[in-house]
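**Q** One structure coming up, written as structure tokens, with questions to follow.
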Amino acid sequence: MSSDLFSFLFSFPPDARQVHQKRDYDSQARSFVQQIANTNPQYFLKGVDTSQDLLEVLHPAVNTIAYLFTLRIRIATLVDNPKAQKHIPEPLRPGGSLWNKIVLFLETCDPVQIRYAGPEWKRVVEAVEVVARVMGTPSLAISPIRSAMIRLDPSTGTFTMTHLSFIRLCVQTRSYSAALPILDNYLHSLGPRIPQQVQESLEYSVACADHTNSGEYIHQMSGHSDKISLADVQEYYILGAMAYIGTRQFKKAMHFLEHVLIVPTSNVANGFMLEAYKKWVLVSCLVDGSMKPAPRTANGQAIKTVRNASKAYETVADAFTQLNNLPKLKAQINAGRDIWAEDGNTGLVNELRDQQYRFYVSDLSRTFSAIPVANISNAVGGSVEELTDYLSNLIKEGSLNARIEQSAKAEVGFVLRFFLDPTQGPLAKTERQQQQALFEQTQRTHILAEQVKGADYRLSLTKEYVEHLKRASRKPTASGGDVMDTTWDDSLEVDEDIMGDH
Amino acid sequence: MAPNVEQSNFFREKRDKGIVVVKDPPKFDLESYIANYDGTTRLNRLHHIGASSTYLAIDAYHTAIAEAKRGKNVKLYLSLVEDLSNIAPDDPAALSDMAWAEKKSREVKEEQDKLEHELKAYKNNLIKESIRMGNEDLGHFYYACGDWVNAHKAYYRMRDHCTSNKHLTDMTLRLVFVSIAQGSWLGVQTNLAKVDSSQLKGDERTKLEPIISACHGLAQMCTNSLRDAAKDFIRTPPLFLTAEPAAGITWQREVLSGNDIAVYGGLCALASMDRNELQSQVLGSGDFRNFLELEPQIRRAITLFCNSKYSACLEVLEGYRNDYLLDVYLSKVLATIYSRIRTKSIVQYFIPFSCVTLDEMALKFQVTGEFASIEDELEEMINSRILNARIDLVDRLLISPPTNPRYDVHSDALSMAEKYDHTLRLRLTRLNLLSAGLEIRSDKGQGKELLGGAGEGIGASLRGIGSKMGFQ
């Protein structure tokens, strides 16, 4: 093993003292990646399984780039294109030595350095997925991929193809709750990168800088993701909604489905929108008890098209709201059994049937302060005992602010008593809790405001502006920086106005 | 005689169809009541009373048939006789006088030919005034025959030949009159608006005021806009009672009388106004007092309501229910008006209490036929958000829910913030997609590309959808 290479591999990252400017770090990192990519792959394979093994010598958290290249080359030589289990060598199988090293790397690597080695990072992540799938244990890939995503971008708000393959894995293996840490983060950047010309004029624009928006270092050019299409984004949102439905977080699921419905379109709908609309109709019933009008941001013509194709769902939603006619929903559900099965929505529709009682009961709270359980059972059927159990479950679940008590009069039996004052009962919130909630919301709004600013900035970089910059850079006297500054200020004010209105 | 009438085919059919039939004798006397009216409305009212009240049916039909025989409306005569024969087959008046009917039809036909011939002659002479009068005569004639559509057409044709504002107003009033007979309330309202915007000044104008507001009120009431109706009736000047005929029509006799205005206006006001408004705008109105004096029971009911004696007020109104059901216009909206007054009374009654026993409510508000018990009625009112209260079925209480404005403001703020947050996210996503150039375009390759791009998980279901979209 040549000591040249050794010292070269250890030459990055440079000592902290040597790098005063992010810009220097950036250029060093870039040239290091360039050089390491040109190095003969054979060097990386020397001394495997000895103490001289590069993977033993290099530290994943410090020499991240070098480690990553080594890993990638090691994986590539072990297995070229795995099609069957037997083609995957022992070390790479889950639990094998190389697999463990990969997992460790993805969990501990340096988040700044992997910004520079996008394609390698992507290939390693893909390899994890492929190996796990071929081995028939796809769920083993979920956790490493998730760590890798969070490592690269703590906000996971910049959409990459990794997002999509991750959520596919989660939905296929039904590990819905594993997907939640990623799903809960709003996708704030799907856009193209900031044009080269603009970036050069910015002081802190290099990839290693402390970006507020991960979209500035994850983009097509950085190699972390393939080119994304609208269908990918829509599929991510639909699968995400399914994961939320799987964990019974219907409100979040509804919000996700709405993201599919509002995609820009020239008056046409696609299959994802139809799929999403059908689920959305059902889910919004589960959330609010009735179907709401489609989000206003959506294209009216497209919504009309999907509505026409989802009549059966709207009929069910309509029957769901008719709380005084409970058998109707059952009849509708039975009548459309084939439709639900074909669309894969049988589970949701059944959920609707089960939850209608819940809405019926909570509707009672608007009319009654106390009602004997026997009266309810007369209206909906079923024995008093069953109903009492059901009601106590609802109360335990937190969907009813009420209590069940035994009446003093024997003939009345069990009584469902609602708490009229929202500050009493099991669902009561103290003022402190409310304040906390408001505070958290304020935080979220601030974050969102930042993201809006980012989007607004990207949107202000029109082709014309970039052209202007190109021309300006030819004449050294012109200063692009000034123009930029005003844009920032402008956008800032507009943003605050937007928030103020709300 | 009475039980026979009640069991007759005619009323049995009506009952089967769910039309209200009044069995008990009303408080008024038919003779003196009907003496208030002339012309079409007299026949119309007699017909309605005959068809609704088993007690007055025979008398009403007798008077109506005799009346119809003096007019030109053969069709009406025949239908009246047929109704009567259904009620009391043995009655001598139940036999239709075919000879008279034939003779009358011939006469009518001759008169129509004559009038049309005359009109043609006028048209040839091209004298505007003659054409106008010819059309007017034809309109009067059709009106007398009960042919409202043609009457309306004839009157409408006068428009081109009117030479003065007075003529124009008269013509429009005639149109109003026909529309009322037709029961086309929209037409009444548009034509009244035209009268209202006419160029008449001074005296002429003051004369029209009462007619406009009274007819407008009637039209509003019949279209269920009770509040507007009440306002119109209340502002009807007392001049209405003594007004001279306008456009050859004595409105207070041929459309609705002062008593009607008092009853309609009073009931509509009770159903649509709160206590302050009733006190200041109805009882305190100098103009409307003149009308209210004609119907003291309405005045009493309103006073009772204002003094929070709701059950007494409802009792008074209940006592007159039969009378009002026999009114040709009121009968259709009476159920709505009464139930509104009742629910309003319950709401008003409950305001000062935080808790009332259901038995007390049942005592104060006697259950009418509509609901089986006071609980059901209250439940219905709460469900339709009229009454803000909760029922305790265990202790049999009606409870006013406690309010906590501070809590409400906090939770409202929170939910609103969440809503805006989400809306903003949706818009931001859309904006990002747009700026990334991602958009669904309507080219045909889209479908294929989509299916190819979809994951295995939902690819199968998407294929199903694709085919379904085709034929749905």
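By convention in this document, the chains of the structure tokens carry letters A, B, ... by their order, each chain's residues are numbered from 1, and ligands are numbered from 1 in the order they are shown.
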If we count only C-alpha atoms, what is near Ser384 in chain B at a cut-off of 12 Å, once residues fewer than 4 positions away on the same chain are taken out, given as an mmCIF file with N, CA and C atoms, in the first residue's frame?
**A**
data_model
loop_
_atom_site.group_PDB
_atom_site.id
_atom_site.type_symbol
_atom_site.label_atom_id
_atom_site.label_comp_id
_atom_site.auth_asym_id
_atom_site.auth_seq_id
_atom_site.Cartn_x
_atom_site.Cartn_y
_atom_site.Cartn_z
ATOM 1 N N ARG A 366 -74.276 17.651 21.296
ATOM 2 C CA ARG A 366 -74.748 18.995 20.978
ATOM 3 C C ARG A 366 -76.200 19.178 21.374
ATOM 4 N N THR A 367 -76.874 18.080 21.643
ATOM 5 C CA THR A 367 -78.290 18.156 21.970
ATOM 6 C C THR A 367 -78.553 17.841 23.431
ATOM 7 N N THR B 343 -91.546 28.419 18.220
ATOM 8 C CA THR B 343 -90.133 28.201 18.541
ATOM 9 C C THR B 343 -89.518 29.485 19.093
ATOM 10 N N GLU B 377 -89.688 18.026 20.506
ATOM 11 C CA GLU B 377 -89.708 19.348 19.891
ATOM 12 C C GLU B 377 -88.422 20.111 20.225
ATOM 13 N N LEU B 378 -88.041 20.052 21.494
ATOM 14 C CA LEU B 378 -86.824 20.755 21.900
ATOM 15 C C LEU B 378 -85.601 20.171 21.199
ATOM 16 N N GLU B 379 -85.583 18.837 21.088
ATOM 17 C CA GLU B 379 -84.464 18.181 20.423
ATOM 18 C C GLU B 379 -84.329 18.685 18.988
ATOM 19 N N GLU B 380 -85.474 18.742 18.342
ATOM 20 C CA GLU B 380 -85.484 19.221 16.959
ATOM 21 C C GLU B 380 -84.965 20.655 16.874
ATOM 22 N N ASN B 388 -80.171 27.289 21.822
ATOM 23 C CA ASN B 388 -78.864 26.906 22.356
ATOM 24 C C ASN B 388 -79.061 26.335 23.757
ATOM 25 N N ALA B 389 -79.203 25.035 23.831
ATOM 26 C CA ALA B 389 -79.448 24.406 25.130
ATOM 27 C C ALA B 389 -79.117 22.927 25.030
#
**Q** Could you list, as a ChimeraX atom specification, the residues of chain A having an atom within 7 Å of chain B when counting only C-alpha atoms?
**A** /A:172,188-192,229-231,259,262-266,268,271,297,309,342-344,366-372,420-421,434,438,445,452,455,459,502
**Q** How far is it from CA of Glu275 in chain A to CA of Glu126 in chain A, in Å with one decimal?
**A**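 According to the coordinates, CA of Glu275 in chain A and CA of Glu126 in chain A are separated by 28.0 Å.
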**Q** Please run DSSP on the backbone and report, as a ChimeraX atom specification, all residues within range 48-274 of chain A that come out as helix (DSSP H, G or I).
**A** /A:54-57,64-78,85-87,90-92,97-108,113-115,118-134,139-152,161-172,176-183,196-201,214-216,220-222,230-246,250-261,271-274
**Q** From a DSSP calculation on the backbone, collect every residue of range 173-405 of chain B in strand (DSSP E or B) and output the set as a list in words.
**A**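 Filtering range 173-405 of chain B to strand (DSSP E or B) leaves Ala246, Ile249, Cys355, Val356, Thr357, Arg390, Ile391, Asp392, Leu397, Leu398 and Ile399 of chain B.
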**Q** Just N, CA and C atoms for this one: save the residues we selected as a PDB file, in the first residue's frame.
**A**
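selection.pdb, freshly written:
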ATOM      1  N   ALA B 246    -108.335  52.381  -7.715  1.00  0.00           N
ATOM      2  CA  ALA B 246    -107.244  52.725  -8.617  1.00  0.00           C
ATOM      3  C   ALA B 246    -107.284  51.746  -9.774  1.00  0.00           C
ATOM      4  N   ILE B 249    -110.085  49.334  -9.823  1.00  0.00           N
ATOM      5  CA  ILE B 249    -110.160  48.209  -8.895  1.00  0.00           C
ATOM      6  C   ILE B 249    -110.277  48.766  -7.482  1.00  0.00           C
ATOM      7  N   CYS B 355     -81.514  26.787  33.654  1.00  0.00           N
ATOM      8  CA  CYS B 355     -81.973  25.415  33.777  1.00  0.00           C
ATOM      9  C   CYS B 355     -83.489  25.412  34.015  1.00  0.00           C
ATOM     10  N   VAL B 356     -84.230  24.656  33.237  1.00  0.00           N
ATOM     11  CA  VAL B 356     -85.681  24.570  33.407  1.00  0.00           C
ATOM     12  C   VAL B 356     -86.067  23.108  33.334  1.00  0.00           C
ATOM     13  N   THR B 357     -87.009  22.685  34.151  1.00  0.00           N
ATOM     14  CA  THR B 357     -87.412  21.286  34.039  1.00  0.00           C
ATOM     15  C   THR B 357     -88.264  21.109  32.791  1.00  0.00           C
ATOM     16  N   ARG B 390     -79.079  22.256  26.173  1.00  0.00           N
ATOM     17  CA  ARG B 390     -78.867  20.807  26.182  1.00  0.00           C
ATOM     18  C   ARG B 390     -79.968  20.185  27.023  1.00  0.00           C
ATOM     19  N   ILE B 391     -80.336  18.969  26.618  1.00  0.00           N
ATOM     20  CA  ILE B 391     -81.389  18.284  27.353  1.00  0.00           C
ATOM     21  C   ILE B 391     -80.761  17.241  28.263  1.00  0.00           C
ATOM     22  N   ASP B 392     -81.188  17.235  29.499  1.00  0.00           N
ATOM     23  CA  ASP B 392     -80.789  16.181  30.412  1.00  0.00           C
ATOM     24  C   ASP B 392     -81.966  15.232  30.540  1.00  0.00           C
ATOM     25  N   LEU B 397     -84.218  17.862  32.530  1.00  0.00           N
ATOM     26  CA  LEU B 397     -83.933  19.297  32.616  1.00  0.00           C
ATOM     27  C   LEU B 397     -83.554  19.818  31.240  1.00  0.00           C
ATOM     28  N   LEU B 398     -83.816  21.087  31.037  1.00  0.00           N
ATOM     29  CA  LEU B 398     -83.282  21.779  29.870  1.00  0.00           C
ATOM     30  C   LEU B 398     -82.207  22.716  30.402  1.00  0.00           C
ATOM     31  N   ILE B 399     -80.967  22.517  29.937  1.00  0.00           N
ATOM     32  CA  ILE B 399     -79.842  23.237  30.537  1.00  0.00           C
ATOM     33  C   ILE B 399     -79.225  24.187  29.532  1.00  0.00           C
TER      34      ILE B 399
END
**Q** So that I can check the surroundings of Thr160 in chain A, please list as a list in words every protein, DNA and RNA residue that reaches within 9 Å of it, counting only C-alpha atoms and ignoring chain neighbours fewer than 5 positions away.
**A**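 Here the answer would be Leu190, Ile218, His219, His224, Ser225, Asp226, Lys227 and Ile228 of chain A.
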**Q** For the selection just defined, write its residues with C-alpha atoms to a file, as a JSON list (two decimals), in the first residue's frame.
**A**
[["chain", "number", "residue", "atom", "x", "y", "z"],
["A", 190, "LEU", "CA", -38.70, 20.66, -4.74],
["A", 218, "ILE", "CA", -29.34, 19.04, -2.46],
["A", 219, "HIS", "CA", -30.28, 19.34, -6.08],
["A", 224, "HIS", "CA", -28.08, 13.22, -4.28],
["A", 225, "SER", "CA", -31.13, 12.58, -6.34],
["A", 226, "ASP", "CA", -32.19, 11.67, -9.83],
["A", 227, "LYS", "CA", -34.35, 14.03, -11.75],
["A", 228, "ILE", "CA", -37.71, 14.20, -10.04]]
**Q** Identify, on the basis of only C-alpha atoms, every residue whose closest approach to range 327-341 of chain A does not exceed 10 Å; exclude the query and any residue fewer than 6 positions from it along the same chain; express the result as a list in words.
**A** Lys278, Ala312, Tyr313, Thr315, Val316, Ala317, Asp318, Ala319, Phe320, Thr321, Gly347, Leu348, Val349, Asn350, Leu352, Arg353, Asp354, Gln356 and Val380 of chain A; Ser461, Gly464, Ile465 and Lys468 of chain B
**Q** Please indicate the distance in Å from CA of Glu314 in chain A to CA of Leu239 in chain A, rounded to one decimal place.
**A**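 Separation between CA of Glu314 in chain A and CA of Leu239 in chain A: 21.9 Å.
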**Q** Do you know which residues are at most 10 Å from Glu116 in chain B counting only C-alpha atoms, after dropping those on the same chain fewer than 6 positions away, and could you put them as a PyMOL selection string?
**A** chain B and resi 110+122+134-135+137-138
**Q** Take the residues just selected and output them with C-alpha atoms as an mmCIF file, in the first residue's frame.
**A**
data_model
loop_
_atom_site.group_PDB
_atom_site.id
_atom_site.type_symbol
_atom_site.label_atom_id
_atom_site.label_comp_id
_atom_site.auth_asym_id
_atom_site.auth_seq_id
_atom_site.Cartn_x
_atom_site.Cartn_y
_atom_site.Cartn_z
ATOM 1 C CA GLU B 110 -119.953 35.971 -29.102
ATOM 2 C CA TYR B 122 -109.261 50.098 -34.008
ATOM 3 C CA GLY B 134 -109.856 47.879 -27.056
ATOM 4 C CA ASN B 135 -107.135 45.874 -25.418
ATOM 5 C CA ASP B 137 -111.854 45.819 -22.737
ATOM 6 C CA LEU B 138 -110.548 42.493 -23.966
#
**Q** Fewer than 2 positions away in the same chain doesn't count, so skip those; otherwise give me all residues within 10 Å of Ser331 in chain B, counting only C-alpha atoms, as an MDAnalysis selection string.
**A** chainID B and resid 20 48 52 222 321:329 333:336
